[in-house]
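Q: See data-v5.cif below, with mmCIF, C-alpha atoms.
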```cif
data_start
loop_
_atom_site.label_atom_id
_atom_site.label_comp_id
_atom_site.auth_asym_id
_atom_site.auth_seq_id
_atom_site.Cartn_x
_atom_site.Cartn_y
_atom_site.Cartn_z
CA MET A 1 -95.73 124.13 43.92
CA ALA A 2 -97.38 127.25 45.14
CA ASN A 3 -101.08 127.44 44.74
CA SER A 4 -101.40 130.77 43.02
CA ASN A 5 -104.44 130.19 40.87
CA LYS A 6 -106.72 132.42 42.92
CA THR A 7 -105.11 134.90 45.25
CA ASN A 8 -101.80 136.61 44.69
CA PHE A 9 -100.33 136.07 48.14
CA SER A 10 -97.40 138.33 47.37
CA SER A 11 -99.44 141.43 46.57
CA PRO A 12 -99.22 144.38 49.01
CA GLU A 13 -103.03 144.44 49.22
CA PHE A 14 -103.16 140.85 50.38
CA LEU A 15 -100.35 141.45 52.83
CA ASN A 16 -102.18 144.39 54.34
CA LYS A 17 -105.30 142.33 54.75
CA LEU A 18 -103.23 139.67 56.53
CA LYS A 19 -101.72 142.28 58.82
CA ASP A 20 -105.25 143.40 59.70
CA ARG A 21 -106.13 139.77 60.37
CA ASP A 22 -108.83 139.86 57.74
CA HIS A 23 -110.75 136.59 58.10
CA ASP A 24 -110.88 135.67 54.41
CA ALA A 25 -107.21 136.48 53.87
CA VAL A 26 -106.07 134.44 56.87
CA GLU A 27 -108.35 131.60 55.89
CA SER A 28 -107.19 131.37 52.28
CA LEU A 29 -103.51 131.53 53.23
CA VAL A 30 -103.79 128.99 56.03
CA LYS A 31 -105.89 126.65 53.90
CA THR A 32 -103.41 126.87 51.03
CA TYR A 33 -100.22 126.21 52.94
CA SER A 34 -101.10 124.06 55.95
CA SER A 35 -101.11 120.84 53.96
CA HIS A 36 -97.74 121.76 52.35
CA LEU A 37 -96.29 122.36 55.77
CA VAL A 38 -97.75 119.19 57.25
CA ASN A 39 -96.51 117.24 54.26
CA ALA A 40 -93.03 118.66 54.84
CA SER A 41 -93.20 117.76 58.54
CA PHE A 42 -94.14 114.17 57.70
CA GLY A 43 -91.41 114.21 55.07
CA LEU A 44 -88.91 115.24 57.72
CA GLY A 45 -89.95 112.19 59.71
CA LEU A 46 -92.36 113.60 62.29
CA ASN A 47 -95.44 111.74 63.48
CA GLU A 48 -98.96 113.17 63.38
CA SER A 49 -99.03 114.91 66.74
CA ASP A 50 -95.53 116.38 66.36
CA ALA A 51 -96.35 117.56 62.85
CA GLN A 52 -99.52 119.20 64.10
CA GLU A 53 -97.68 120.98 66.88
CA LEU A 54 -94.83 122.05 64.61
CA VAL A 55 -97.10 123.52 61.93
CA GLN A 56 -99.20 125.30 64.55
CA ASN A 57 -95.98 126.86 65.88
CA VAL A 58 -94.98 127.88 62.35
CA TRP A 59 -98.25 129.77 61.93
CA GLY A 60 -97.84 131.26 65.39
CA THR A 61 -94.43 132.68 64.48
CA PHE A 62 -95.71 133.79 61.11
CA PHE A 63 -98.59 135.82 62.58
CA GLN A 64 -96.44 137.20 65.39
CA ASN A 65 -93.99 138.58 62.84
CA ILE A 66 -96.38 139.49 60.06
CA GLN A 67 -96.03 143.21 60.77
CA ASN A 68 -92.33 142.97 59.89
CA PHE A 69 -92.77 140.83 56.79
CA GLU A 70 -92.02 142.98 53.79
CA GLY A 71 -92.86 140.45 51.14
CA ARG A 72 -89.31 140.33 49.84
CA SER A 73 -89.35 136.55 49.68
CA HIS A 74 -92.35 134.55 48.60
CA ILE A 75 -94.63 133.62 51.50
CA ARG A 76 -94.14 129.94 50.77
CA ILE A 77 -90.37 130.27 51.14
CA TYR A 78 -90.80 132.41 54.23
CA LEU A 79 -93.03 129.75 55.79
CA PHE A 80 -90.60 126.95 54.97
CA GLY A 81 -87.83 129.05 56.53
CA ILE A 82 -89.81 129.22 59.76
CA LEU A 83 -90.58 125.51 59.56
CA TYR A 84 -86.89 124.74 59.14
CA ASN A 85 -85.92 126.78 62.21
CA LYS A 86 -88.68 125.30 64.33
CA ALA A 87 -87.78 121.78 63.26
CA LYS A 88 -84.15 122.44 64.19
CA GLU A 89 -85.24 123.55 67.67
CA LEU A 90 -87.38 120.47 68.06
CA TYR A 91 -84.58 118.09 67.10
CA ARG A 92 -82.07 119.95 69.24
CA GLU A 93 -84.39 119.49 72.21
CA ARG A 94 -84.58 115.79 71.52
CA ASN A 95 -80.90 115.51 70.81
CA LYS A 96 -81.54 113.29 67.85
CA HIS A 97 -78.84 114.48 65.49
CA THR A 98 -75.86 112.29 64.80
CA SER A 99 -72.46 113.11 63.42
CA ASP A 100 -71.95 113.91 59.77
CA ILE A 101 -69.97 111.65 57.43
CA ASP A 102 -66.24 112.12 57.44
CA LEU A 103 -65.42 112.62 53.79
CA ASN A 104 -61.79 111.54 54.16
CA THR A 105 -62.78 108.15 55.50
CA TYR A 106 -65.59 107.99 52.98
CA PHE A 107 -63.23 108.32 50.03
CA GLU A 108 -60.72 105.91 51.53
CA ASP A 109 -63.33 103.25 52.22
CA LYS A 110 -65.30 103.48 49.02
CA PHE A 111 -62.55 103.46 46.44
CA ASP A 112 -59.55 101.30 45.67
CA ASP A 113 -56.05 102.54 44.86
CA THR A 114 -56.90 103.06 41.22
CA GLY A 115 -59.80 105.35 42.06
CA HIS A 116 -62.47 102.81 41.17
CA TRP A 117 -65.35 101.85 43.46
CA ALA A 118 -64.17 99.13 45.83
CA LEU A 119 -67.49 97.25 45.75
CA THR A 120 -70.03 96.44 43.07
CA PRO A 121 -73.39 97.98 43.90
CA LYS A 122 -76.63 96.00 43.69
CA LYS A 123 -78.89 96.54 40.72
CA PRO A 124 -81.41 99.32 41.40
CA GLU A 125 -84.32 96.88 40.88
CA GLU A 126 -83.12 94.57 43.65
CA PHE A 127 -82.49 97.62 45.74
CA ILE A 128 -86.04 98.95 45.30
CA GLU A 129 -87.67 95.66 46.23
CA SER A 130 -86.07 95.58 49.63
CA ILE A 131 -86.84 99.18 50.54
CA GLN A 132 -90.45 99.40 49.36
CA THR A 133 -92.08 97.52 52.17
CA SER A 134 -89.88 98.40 55.13
CA GLY A 135 -89.25 101.52 57.14
CA ILE A 136 -85.55 101.49 56.25
CA ILE A 137 -85.55 104.85 54.45
CA GLU A 138 -87.42 106.55 57.28
CA SER A 139 -85.07 105.30 59.94
CA CYS A 140 -82.04 106.35 57.87
CA LEU A 141 -83.52 109.78 57.20
CA ASN A 142 -84.15 110.24 60.88
CA LYS A 143 -80.44 110.00 61.57
CA LEU A 144 -79.57 112.89 59.28
CA PRO A 145 -78.85 116.38 60.61
CA GLU A 146 -81.74 118.79 60.15
CA LYS A 147 -80.11 120.76 57.35
CA GLN A 148 -79.52 117.64 55.26
CA ARG A 149 -82.99 116.32 55.87
CA MET A 150 -84.58 119.65 54.93
CA ALA A 151 -82.40 119.96 51.81
CA PHE A 152 -83.36 116.44 50.79
CA TYR A 153 -87.06 117.01 51.39
CA LEU A 154 -87.28 120.34 49.60
CA LYS A 155 -85.08 119.53 46.63
CA GLU A 156 -85.84 115.87 46.02
CA ILE A 157 -89.34 115.33 47.38
CA ASP A 158 -91.07 118.71 47.14
CA GLY A 159 -89.25 119.60 43.93
CA ALA A 160 -88.37 123.14 45.00
CA SER A 161 -85.85 125.03 42.88
CA THR A 162 -82.20 125.37 43.90
CA GLU A 163 -82.79 129.07 44.51
CA GLU A 164 -85.74 128.37 46.81
CA VAL A 165 -83.89 125.75 48.82
CA CYS A 166 -80.85 128.03 49.16
CA ASN A 167 -83.16 130.75 50.41
CA VAL A 168 -84.75 128.54 53.07
CA LEU A 169 -81.46 127.05 54.29
CA LYS A 170 -79.47 130.27 53.84
CA VAL A 171 -76.70 128.55 51.89
CA SER A 172 -75.08 129.10 48.49
CA ALA A 173 -75.78 126.90 45.49
CA THR A 174 -72.34 125.33 45.87
CA ASN A 175 -73.05 124.62 49.53
CA LEU A 176 -76.33 123.02 48.59
CA ARG A 177 -74.65 120.70 46.09
CA VAL A 178 -72.22 119.55 48.76
CA ILE A 179 -75.02 119.12 51.31
CA LEU A 180 -77.01 117.04 48.84
CA PHE A 181 -73.96 114.97 47.92
CA ARG A 182 -73.37 114.16 51.57
CA THR A 183 -77.05 113.52 52.25
CA LYS A 184 -77.59 111.15 49.36
CA ALA A 185 -74.31 109.31 49.91
CA LYS A 186 -75.10 108.86 53.57
CA LEU A 187 -78.68 107.77 52.93
CA ARG A 188 -77.60 105.25 50.32
CA ASP A 189 -74.94 103.78 52.59
CA CYS A 190 -77.32 103.56 55.51
CA VAL A 191 -80.03 101.91 53.40
CA GLU A 192 -77.55 99.39 52.01
CA ARG A 193 -76.25 98.54 55.47
CA LYS A 194 -79.76 98.01 56.82
CA MET A 195 -80.74 95.90 53.83
CA GLN A 196 -77.92 93.51 54.55
CA ALA A 197 -78.59 93.38 58.26
CA MET B 198 -60.64 111.17 32.15
CA LYS B 199 -61.38 111.51 35.83
CA SER B 200 -61.57 108.40 38.00
CA CYS B 201 -64.74 107.52 39.95
CA LYS B 202 -63.07 108.77 43.10
CA GLU B 203 -62.13 112.09 41.53
CA VAL B 204 -65.67 112.53 40.24
CA SER B 205 -67.11 111.98 43.72
CA GLN B 206 -64.53 114.27 45.24
CA LEU B 207 -65.44 116.97 42.77
CA LEU B 208 -69.13 116.65 43.68
CA ALA B 209 -68.28 116.83 47.35
CA SER B 210 -65.94 119.80 47.02
CA ASP B 211 -66.72 123.33 48.13
CA LYS B 212 -65.48 124.88 44.93
CA GLU B 213 -67.83 126.29 42.37
CA LEU B 214 -68.03 124.00 39.35
CA GLY B 215 -67.05 125.49 36.02
CA VAL B 216 -68.17 124.48 32.57
CA PHE B 217 -65.20 122.14 32.23
CA ASP B 218 -66.02 120.39 35.53
CA LYS B 219 -69.63 119.91 34.55
CA LEU B 220 -68.66 118.49 31.19
CA SER B 221 -66.20 116.05 32.68
CA LEU B 222 -68.89 114.89 35.13
CA LYS B 223 -71.33 114.31 32.30
CA LEU B 224 -68.72 112.46 30.29
CA HIS B 225 -67.79 110.24 33.20
CA PHE B 226 -71.38 109.30 33.98
CA SER B 227 -72.08 108.55 30.34
CA VAL B 228 -69.36 105.91 30.22
CA CYS B 229 -69.16 104.64 33.81
CA LYS B 230 -71.77 102.04 34.65
CA VAL B 231 -70.84 101.73 38.31
CA CYS B 232 -71.25 105.44 39.01
CA ARG B 233 -74.55 105.34 37.17
CA THR B 234 -75.72 102.46 39.32
CA TYR B 235 -74.87 104.35 42.49
CA LYS B 236 -76.77 107.31 41.17
CA GLN B 237 -79.74 105.12 40.23
CA GLN B 238 -79.78 103.65 43.72
CA GLN B 239 -79.94 107.14 45.17
CA GLU B 240 -82.75 108.00 42.79
CA ALA B 241 -84.55 104.81 43.79
CA ILE B 242 -84.46 105.86 47.44
CA THR B 243 -86.03 109.20 46.54
CA LYS B 244 -88.68 107.58 44.39
CA VAL B 245 -89.67 105.00 46.98
CA TYR B 246 -89.71 107.59 49.74
CA LYS B 247 -92.04 109.77 47.67
CA GLU B 248 -94.40 106.84 47.23
CA ARG B 249 -94.32 105.99 50.92
CA LEU B 250 -95.08 109.59 51.80
CA LYS B 251 -98.00 109.64 49.38
CA LYS B 252 -99.52 106.69 51.20
CA LYS B 253 -99.76 108.86 54.30
CA ASN B 254 -101.95 111.31 52.42
CA THR B 255 -105.04 110.70 54.53
CA SER B 256 -103.36 111.41 57.81
CA ILE B 257 -101.57 114.38 56.25
CA SER B 258 -104.83 115.99 55.19
CA GLU B 259 -106.49 115.15 58.51
CA THR B 260 -103.62 116.74 60.41
CA ALA B 261 -103.69 119.77 58.12
CA LYS B 262 -107.42 120.18 58.72
CA LYS B 263 -106.94 120.19 62.48
CA VAL B 264 -104.20 122.81 62.17
CA GLU B 265 -106.24 124.97 59.80
CA ASP B 266 -109.28 125.05 62.08
CA SER B 267 -107.39 126.00 65.21
CA VAL B 268 -105.06 128.49 63.48
CA ILE B 269 -107.81 130.33 61.63
CA LYS B 270 -109.85 130.57 64.82
CA LYS B 271 -106.90 131.77 66.86
CA TYR B 272 -105.59 134.44 64.51
CA THR B 273 -108.85 135.98 63.40
CA GLU B 274 -110.53 136.28 66.78
CA GLU B 275 -107.91 138.07 68.80
#
```
If you took the structure in this file and wrote it as structure tokens, what would it be?
A:
Amino acid sequence: MANSNKTNFSSPEFLNKLKDRDHDAVESLVKTYSSHLVNASFGLGLNESDAQELVQNVWGTFFQNIQNFEGRSHIRIYLFGILYNKAKELYRERNKHTSDIDLNTYFEDKFDDTGHWALTPKKPEEFIESIQTSGIIESCLNKLPEKQRMAFYLKEIDGASTEEVCNVLKVSATNLRVILFRTKAKLRDCVERKMQA
Amino acid sequence: MKSCKEVSQLLASDKELGVFDKLSLKLHFSVCKVCRTYKQQQEAITKVYKERLKKKNTSISETAKKVEDSVIKKYTEE
């Protein structure tokens, strides 16, 4: 969802202006991508002040390393890559990550001996009603490891392409499919558990 | 045809999916209502989360504005 209607942020001319800290260039880049980055930070579950700090740090790293940026990846992807690394640091500091699902137990618990689902799931409509007005999704998302949360945000919420997400997370397309499988299965289970609680 | 468990295991596996795998997934989902319901539930979570995020739009743009002002100032006046 890059905003490319005015300036071509990937052009060498623009990049040179950025490296010279040209006021207009810095301003148009920062004004284009700050709200994307803040949106992503909120999407990852951060509150206002944490999001502000995180995005400020992203820009700090970006401008510190701008001399080495060769424009090989799109600036948007490059920025999301920095955001991802910074968010990982932040969550590591706070020790918020929990363990991943154990797929062996998952398959044993969810299916009967014939390979069918062991339980009948609720209708999606009933499901929606109980998650619309509560913070269930947010609290379940917050328990996910950073990589899963970022994959979920970029692919499902932001609508980034598989290639873009792979680039940010530095994983293969196959890896990404597995990450998203785990993420969505875990989220769904968590939401269902909290709905019944 | 693959069972629901086999379909999930395929989706969770590290192997690259071939044309045959993808077809058998499609076929399974087209006939299996339970798998579809699970999938719809997952899609519902995404949809609702998107809506909830949209409601935070005002504080998102306010936060972005604060960041923009301080970042532009900082990196053009050094």
Q: Mind pulling up the distance from atom CA of A:Asp158 to atom CA of A:Pro124?
A: 22.4 Å
Q: Pick the closest to A:Met150 from A:Asn104, A:Ser130, A:Ser41, A:Gln56: which is it, counting all atoms listed in the file?
A: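 Result for the nearest residue to A:Met150: A:Ser41.
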Q: Step by step, work through what the PyMOL selection byres ((chain A and resi 191) around 8) selects in the shown file, and finish by giving those residues as a list of chain:residue names.
A: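 Written out, the selection comes to A:Ile131, A:Ile136, A:Ile137, A:Cys140, A:Leu187, A:Arg188, A:Asp189, A:Cys190, A:Glu192, A:Arg193, A:Lys194, A:Met195.
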Q: Take the PyMOL selection byres ((chain A) within 7 of (chain B)), run it mentally on this structure, and tell me the resulting residues as number ranges by chain.
A: A: 21-23, 26-27, 30-31, 34-35, 38-39, 43, 48, 52, 56, 107, 111, 115-117, 121, 123-124, 127-128, 132, 137, 156-157, 174-175, 178, 181, 184, 188
Q: Enumerate, as a list in words, the protein, DNA and RNA residues whose atoms approach (-101.4, 147.4, 55.6) to within 12 Å, taking into account all atoms listed in the file and the coordinate frame of the file.
A: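 Here is the list of nearby residues: Ser11, Pro12, Glu13, Phe14, Leu15, Asn16, Lys17, Leu18, Lys19, Asp20, Arg21, Asp22, Ile66, Gln67, Asn68, Phe69, Glu70 and Gly71 of chain A.
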Q: Go ahead and compute the interatomic distance for atom CA of A:Thr120 and atom CA of A:Gly135, in Å to one decimal.
A: 24.4 Å
Q: I want to know what sits within 8 Å of A:Leu83, based on only C-alpha atoms, with residues of the same chain fewer than 2 positions away left out; could you give that as a VMD selection string?
A: chain A and resid 37 54 to 55 58 79 to 81 85 to 87
Q: Have a look at atom CA of B:Cys229 and atom CA of A:Asp100 and let me know their distance in Å, one decimal.
A: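 These atoms are spaced 27.7 Å apart.
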Q: Going by the chain IDs and residue numbers used in this file, which residues fall under the PyMOL selection byres ((chain A and resi 44) around 8)? Write them as a VMD selection string.
A: chain A and resid 40 to 43 45 to 46 141 to 142 149 to 150 153
Q: Taking every listed atom of stretch 177-196 of chain A and adding 5 Å to each side, what centre and edge lengths in Å (one decimal) does the axis-aligned box have, as lines of an AutoDock Vina configuration file?
A:
```
center_x = -76.5
center_y = 107.1
center_z = 51.5
size_x = 18.5
size_y = 37.2
size_z = 20.7
```
Q: Mind completing stretch 135-146 of chain A with N, CA, C and O atoms? Output as a PDB file, in the frame of the given file, please?
A:
```
ATOM      1  N   GLY A 135     -89.465 100.133  56.719  1.00  0.00           N
ATOM      2  CA  GLY A 135     -89.250 101.520  57.140  1.00  0.00           C
ATOM      3  C   GLY A 135     -87.780 101.923  57.120  1.00  0.00           C
ATOM      4  O   GLY A 135     -87.362 102.835  57.830  1.00  0.00           O
ATOM      5  N   ILE A 136     -86.991 101.234  56.280  1.00  0.00           N
ATOM      6  CA  ILE A 136     -85.550 101.490  56.250  1.00  0.00           C
ATOM      7  C   ILE A 136     -85.233 102.954  55.917  1.00  0.00           C
ATOM      8  O   ILE A 136     -84.432 103.594  56.600  1.00  0.00           O
ATOM      9  N   ILE A 137     -85.883 103.476  54.864  1.00  0.00           N
ATOM     10  CA  ILE A 137     -85.550 104.850  54.450  1.00  0.00           C
ATOM     11  C   ILE A 137     -85.854 105.826  55.585  1.00  0.00           C
ATOM     12  O   ILE A 137     -85.054 106.709  55.893  1.00  0.00           O
ATOM     13  N   GLU A 138     -87.035 105.642  56.209  1.00  0.00           N
ATOM     14  CA  GLU A 138     -87.420 106.550  57.280  1.00  0.00           C
ATOM     15  C   GLU A 138     -86.407 106.529  58.413  1.00  0.00           C
ATOM     16  O   GLU A 138     -86.017 107.577  58.925  1.00  0.00           O
ATOM     17  N   SER A 139     -85.973 105.335  58.790  1.00  0.00           N
ATOM     18  CA  SER A 139     -85.070 105.300  59.940  1.00  0.00           C
ATOM     19  C   SER A 139     -83.704 105.872  59.572  1.00  0.00           C
ATOM     20  O   SER A 139     -83.031 106.463  60.409  1.00  0.00           O
ATOM     21  N   CYS A 140     -83.310 105.740  58.304  1.00  0.00           N
ATOM     22  CA  CYS A 140     -82.040 106.350  57.870  1.00  0.00           C
ATOM     23  C   CYS A 140     -82.166 107.872  57.795  1.00  0.00           C
ATOM     24  O   CYS A 140     -81.256 108.598  58.195  1.00  0.00           O
ATOM     25  N   LEU A 141     -83.290 108.332  57.279  1.00  0.00           N
ATOM     26  CA  LEU A 141     -83.520 109.780  57.200  1.00  0.00           C
ATOM     27  C   LEU A 141     -83.490 110.420  58.576  1.00  0.00           C
ATOM     28  O   LEU A 141     -82.961 111.512  58.763  1.00  0.00           O
ATOM     29  N   ASN A 142     -84.067 109.701  59.532  1.00  0.00           N
ATOM     30  CA  ASN A 142     -84.150 110.240  60.880  1.00  0.00           C
ATOM     31  C   ASN A 142     -82.806 110.471  61.539  1.00  0.00           C
ATOM     32  O   ASN A 142     -82.701 111.202  62.509  1.00  0.00           O
ATOM     33  N   LYS A 143     -81.771 109.834  60.977  1.00  0.00           N
ATOM     34  CA  LYS A 143     -80.440 110.000  61.570  1.00  0.00           C
ATOM     35  C   LYS A 143     -79.700 111.199  60.987  1.00  0.00           C
ATOM     36  O   LYS A 143     -78.630 111.555  61.447  1.00  0.00           O
ATOM     37  N   LEU A 144     -80.266 111.781  59.934  1.00  0.00           N
ATOM     38  CA  LEU A 144     -79.570 112.890  59.280  1.00  0.00           C
ATOM     39  C   LEU A 144     -79.713 114.185  60.080  1.00  0.00           C
ATOM     40  O   LEU A 144     -80.733 114.411  60.709  1.00  0.00           O
ATOM     41  N   PRO A 145     -78.703 115.050  60.015  1.00  0.00           N
ATOM     42  CA  PRO A 145     -78.850 116.380  60.610  1.00  0.00           C
ATOM     43  C   PRO A 145     -79.978 117.142  59.913  1.00  0.00           C
ATOM     44  O   PRO A 145     -80.285 116.868  58.751  1.00  0.00           O
ATOM     45  N   GLU A 146     -80.571 118.088  60.637  1.00  0.00           N
ATOM     46  CA  GLU A 146     -81.740 118.790  60.150  1.00  0.00           C
ATOM     47  C   GLU A 146     -81.531 119.460  58.776  1.00  0.00           C
ATOM     48  O   GLU A 146     -82.403 119.443  57.919  1.00  0.00           O
TER      49      GLU A 146
END
```
